[in-house]
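To be precise, the following lines are run17.cif, and they hold mmCIF, C-alpha atoms; chains and numbers go by the auth columns.
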```cif
data_start
#
loop_
_atom_site.group_PDB
_atom_site.id
_atom_site.type_symbol
_atom_site.label_atom_id
_atom_site.label_comp_id
_atom_site.label_asym_id
_atom_site.label_seq_id
_atom_site.Cartn_x
_atom_site.Cartn_y
_atom_site.Cartn_z
_atom_site.B_iso_or_equiv
_atom_site.auth_seq_id
_atom_site.auth_asym_id
ATOM 1 C CA MET A 1 98.972 106.871 119.071 0.00 1 A
ATOM 2 C CA ASN A 2 99.492 104.293 116.324 0.00 2 A
ATOM 3 C CA VAL A 3 97.850 105.540 113.118 0.00 3 A
ATOM 4 C CA LEU A 4 97.386 103.415 110.011 0.00 4 A
ATOM 5 C CA LEU A 5 97.094 105.628 106.933 0.00 5 A
ATOM 6 C CA ASP A 6 94.761 104.567 104.164 0.00 6 A
ATOM 7 C CA THR A 7 96.360 104.403 100.734 0.00 7 A
ATOM 8 C CA HIS A 8 95.258 107.779 99.417 0.00 8 A
ATOM 9 C CA VAL A 9 95.927 109.646 102.656 0.00 9 A
ATOM 10 C CA ALA A 10 99.422 108.127 102.705 0.00 10 A
ATOM 11 C CA LEU A 11 100.090 109.168 99.109 0.00 11 A
ATOM 12 C CA TRP A 12 98.778 112.673 99.736 0.00 12 A
ATOM 13 C CA ALA A 13 100.985 112.944 102.820 0.00 13 A
ATOM 14 C CA ILE A 14 104.230 111.947 101.087 0.00 14 A
ATOM 15 C CA THR A 15 103.524 114.084 98.012 0.00 15 A
ATOM 16 C CA ASP A 16 102.358 117.063 100.119 0.00 16 A
ATOM 17 C CA SER A 17 99.137 117.128 98.104 0.00 17 A
ATOM 18 C CA LEU A 18 96.552 119.849 98.586 0.00 18 A
ATOM 19 C CA ARG A 19 94.030 116.995 98.878 0.00 19 A
ATOM 20 C CA LEU A 20 95.398 116.235 102.361 0.00 20 A
ATOM 21 C CA SER A 21 92.931 117.975 104.650 0.00 21 A
ATOM 22 C CA PRO A 22 94.108 120.214 107.490 0.00 22 A
ATOM 23 C CA LYS A 23 92.793 117.638 109.988 0.00 23 A
ATOM 24 C CA ALA A 24 94.765 114.847 108.279 0.00 24 A
ATOM 25 C CA ARG A 25 97.861 117.037 108.110 0.00 25 A
ATOM 26 C CA ASP A 26 97.610 117.685 111.870 0.00 26 A
ATOM 27 C CA VAL A 27 97.444 113.940 112.602 0.00 27 A
ATOM 28 C CA VAL A 28 100.337 113.149 110.237 0.00 28 A
ATOM 29 C CA LEU A 29 102.555 115.912 111.622 0.00 29 A
ATOM 30 C CA ALA A 30 101.821 115.305 115.318 0.00 30 A
ATOM 31 C CA SER A 31 105.073 114.058 116.863 0.00 31 A
ATOM 32 C CA ARG A 32 103.166 111.874 119.343 0.00 32 A
ATOM 33 C CA ASN A 33 101.754 109.719 116.515 0.00 33 A
ATOM 34 C CA ASN A 34 103.443 106.662 115.051 0.00 34 A
ATOM 35 C CA LEU A 35 102.439 106.416 111.396 0.00 35 A
ATOM 36 C CA TRP A 36 101.977 103.088 109.664 0.00 36 A
ATOM 37 C CA ILE A 37 101.449 101.941 106.082 0.00 37 A
ATOM 38 C CA SER A 38 99.967 98.568 105.337 0.00 38 A
ATOM 39 C CA THR A 39 101.594 96.146 102.962 0.00 39 A
ATOM 40 C CA ALA A 40 98.116 96.097 101.388 0.00 40 A
ATOM 41 C CA SER A 41 98.505 99.776 100.457 0.00 41 A
ATOM 42 C CA LEU A 42 101.835 99.066 98.780 0.00 42 A
ATOM 43 C CA TRP A 43 100.183 96.200 96.907 0.00 43 A
ATOM 44 C CA GLU A 44 97.299 98.465 95.845 0.00 44 A
ATOM 45 C CA ILE A 45 99.686 101.175 94.623 0.00 45 A
ATOM 46 C CA ALA A 46 101.788 98.658 92.698 0.00 46 A
ATOM 47 C CA ILE A 47 98.759 97.069 91.022 0.00 47 A
ATOM 48 C CA LYS A 48 97.016 100.302 90.080 0.00 48 A
ATOM 49 C CA HIS A 49 100.191 102.096 88.995 0.00 49 A
ATOM 50 C CA GLY A 50 101.277 99.085 86.959 0.00 50 A
ATOM 51 C CA LEU A 51 97.911 98.943 85.190 0.00 51 A
ATOM 52 C CA GLY A 52 97.807 102.705 84.683 0.00 52 A
ATOM 53 C CA ARG A 53 94.553 102.880 86.658 0.00 53 A
ATOM 54 C CA GLY A 54 93.513 104.946 89.577 0.00 54 A
ATOM 55 C CA ASN A 55 95.162 108.010 90.968 0.00 55 A
ATOM 56 C CA MET A 56 98.577 106.455 91.594 0.00 56 A
ATOM 57 C CA PRO A 57 101.232 109.085 90.808 0.00 57 A
ATOM 58 C CA ILE A 58 104.150 106.853 91.854 0.00 58 A
ATOM 59 C CA SER A 59 105.087 103.195 91.658 0.00 59 A
ATOM 60 C CA GLY A 60 104.935 100.792 94.567 0.00 60 A
ATOM 61 C CA LYS A 61 108.724 100.723 94.750 0.00 61 A
ATOM 62 C CA GLU A 62 108.914 104.526 94.846 0.00 62 A
ATOM 63 C CA ALA A 63 106.152 104.668 97.465 0.00 63 A
ATOM 64 C CA LEU A 64 107.964 102.176 99.692 0.00 64 A
ATOM 65 C CA GLY A 65 111.111 104.279 99.495 0.00 65 A
ATOM 66 C CA TYR A 66 109.237 107.479 100.372 0.00 66 A
ATOM 67 C CA PHE A 67 107.350 105.822 103.236 0.00 67 A
ATOM 68 C CA ARG A 68 110.571 104.454 104.684 0.00 68 A
ATOM 69 C CA GLN A 69 112.310 107.818 104.261 0.00 69 A
ATOM 70 C CA ALA A 70 109.418 109.491 106.110 0.00 70 A
ATOM 71 C CA GLY A 71 109.866 107.028 108.971 0.00 71 A
ATOM 72 C CA TYR A 72 106.516 105.263 108.558 0.00 72 A
ATOM 73 C CA GLY A 73 106.255 101.748 109.928 0.00 73 A
ATOM 74 C CA ILE A 74 105.301 99.022 107.455 0.00 74 A
ATOM 75 C CA LEU A 75 102.499 96.799 108.750 0.00 75 A
ATOM 76 C CA PRO A 76 102.560 93.286 107.278 0.00 76 A
ATOM 77 C CA ILE A 77 99.368 91.395 106.563 0.00 77 A
ATOM 78 C CA GLU A 78 99.132 88.779 109.296 0.00 78 A
ATOM 79 C CA PRO A 79 96.855 85.710 109.287 0.00 79 A
ATOM 80 C CA ASP A 80 94.687 87.298 112.014 0.00 80 A
ATOM 81 C CA HIS A 81 94.160 90.330 109.763 0.00 81 A
ATOM 82 C CA ALA A 82 93.132 88.161 106.833 0.00 82 A
ATOM 83 C CA VAL A 83 90.547 86.171 108.778 0.00 83 A
ATOM 84 C CA ALA A 84 89.188 89.301 110.496 0.00 84 A
ATOM 85 C CA VAL A 85 87.913 90.512 107.106 0.00 85 A
ATOM 86 C CA GLU A 86 85.280 87.770 107.255 0.00 86 A
ATOM 87 C CA GLN A 87 83.699 89.353 110.333 0.00 87 A
ATOM 88 C CA LEU A 88 83.312 92.819 108.782 0.00 88 A
ATOM 89 C CA ALA A 89 79.882 94.018 107.741 0.00 89 A
ATOM 90 C CA SER A 90 79.381 94.215 103.987 0.00 90 A
ATOM 91 C CA LEU A 91 79.314 98.013 103.924 0.00 91 A
ATOM 92 C CA HIS A 92 82.355 98.312 101.663 0.00 92 A
ATOM 93 C CA GLN A 93 83.375 95.904 98.914 0.00 93 A
ATOM 94 C CA ASP A 94 86.893 97.102 98.079 0.00 94 A
ATOM 95 C CA PRO A 95 89.276 94.354 99.266 0.00 95 A
ATOM 96 C CA PHE A 96 92.117 96.801 99.964 0.00 96 A
ATOM 97 C CA ASP A 97 89.922 98.957 102.194 0.00 97 A
ATOM 98 C CA ARG A 98 88.509 95.888 103.929 0.00 98 A
ATOM 99 C CA ILE A 99 91.946 94.570 104.886 0.00 99 A
ATOM 100 C CA LEU A 100 92.980 98.031 106.165 0.00 100 A
ATOM 101 C CA ILE A 101 89.865 98.120 108.357 0.00 101 A
ATOM 102 C CA ALA A 102 90.552 94.599 109.622 0.00 102 A
ATOM 103 C CA GLN A 103 94.179 95.472 110.383 0.00 103 A
ATOM 104 C CA ALA A 104 93.255 98.623 112.277 0.00 104 A
ATOM 105 C CA LEU A 105 90.609 96.860 114.342 0.00 105 A
ATOM 106 C CA THR A 106 92.780 93.810 115.043 0.00 106 A
ATOM 107 C CA GLU A 107 95.982 95.595 116.101 0.00 107 A
ATOM 108 C CA PRO A 108 94.357 97.986 117.397 0.00 108 A
ATOM 109 C CA MET A 109 95.295 101.151 115.546 0.00 109 A
ATOM 110 C CA ARG A 110 93.464 104.263 114.481 0.00 110 A
ATOM 111 C CA LEU A 111 92.811 104.251 110.732 0.00 111 A
ATOM 112 C CA LEU A 112 93.010 107.635 109.003 0.00 112 A
ATOM 113 C CA THR A 113 90.764 107.736 105.927 0.00 113 A
ATOM 114 C CA HIS A 114 88.921 110.095 103.626 0.00 114 A
ATOM 115 C CA ASP A 115 86.284 107.443 102.808 0.00 115 A
ATOM 116 C CA GLU A 116 83.011 107.913 104.706 0.00 116 A
ATOM 117 C CA THR A 117 82.000 104.278 104.204 0.00 117 A
ATOM 118 C CA VAL A 118 85.281 103.055 105.671 0.00 118 A
ATOM 119 C CA ALA A 119 84.836 105.422 108.619 0.00 119 A
ATOM 120 C CA SER A 120 81.383 103.985 109.321 0.00 120 A
ATOM 121 C CA TYR A 121 82.911 100.691 110.517 0.00 121 A
ATOM 122 C CA SER A 122 84.110 102.011 113.872 0.00 122 A
ATOM 123 C CA ASP A 123 84.378 105.117 115.968 0.00 123 A
ATOM 124 C CA THR A 124 88.121 104.390 116.173 0.00 124 A
ATOM 125 C CA ILE A 125 88.456 105.236 112.465 0.00 125 A
ATOM 126 C CA ILE A 126 89.288 108.891 111.867 0.00 126 A
ATOM 127 C CA LEU A 127 87.497 110.534 108.939 0.00 127 A
ATOM 128 C CA VAL A 128 89.510 113.379 107.433 0.00 128 A
#
```
Starting from the coordinates I provided, produce the structure as structure tokens.
Amino acid sequence: MNVLLDTHVALWAITDSLRLSPKARDVVLASRNNLWISTASLWEIAIKHGLGRGNMPISGKEALGYFRQAGYGILPIEPDHAVAVEQLASLHQDPFDRILIAQALTEPMRLLTHDETVASYSDTIILV
């Protein structure tokens, strides 16, 4: 199964954080799953780390290195992803989360998130 990790789940996975739930850990460690990180997540990490805001313990450059080392695929933002955001209900306003949802629904992939609002967009989104 192709699984797109939301930004925080991805960071928790590569830092082996206690915030990564047992359910999320099972999905991340399952050998049958192909794990993906969106370019949008790297952008979010770089912005928030650079501004000293948010819970971003590492820089975008460091995150990219760790994600590559872990064998995660990097999902680019394609034009179809960008325009798919327009069709999403206005349940969530965060642009980074909205593009992740659009990417997961467009590809299709399962999106692994800890955000209940994000999970409410589709039954293909896994809440952990």
ask   = Any chance you could work out the residue set of the PyMOL selection byres ((chain A and resi 35-47) around 10) here, as a PyMOL selection string?
value = chain A and resi 1-8+10-11+27-34+48-64+67-68+70-77+95-100+103-104+109-112
inquiry  = Taking all atoms listed in the file into account, name the residue in A:Ser90, A:Thr117, A:Thr124, A:Thr15 that is nearest to A:Leu105.
reply    = A:Thr124
ask   = Using all atoms listed in the file, which of the listed residues (A:His114, A:Arg19, A:His92, A:His81) sits closest to A:Ile126?
value = A:His114
query = Restricting the calculation to all atoms listed in the file, which member of A:Val9, A:Ala102, A:Leu88, A:Val83 is positioned closest to A:Asp115?
reply =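 Closest to A:Asp115 of all the choices is A:Val9.
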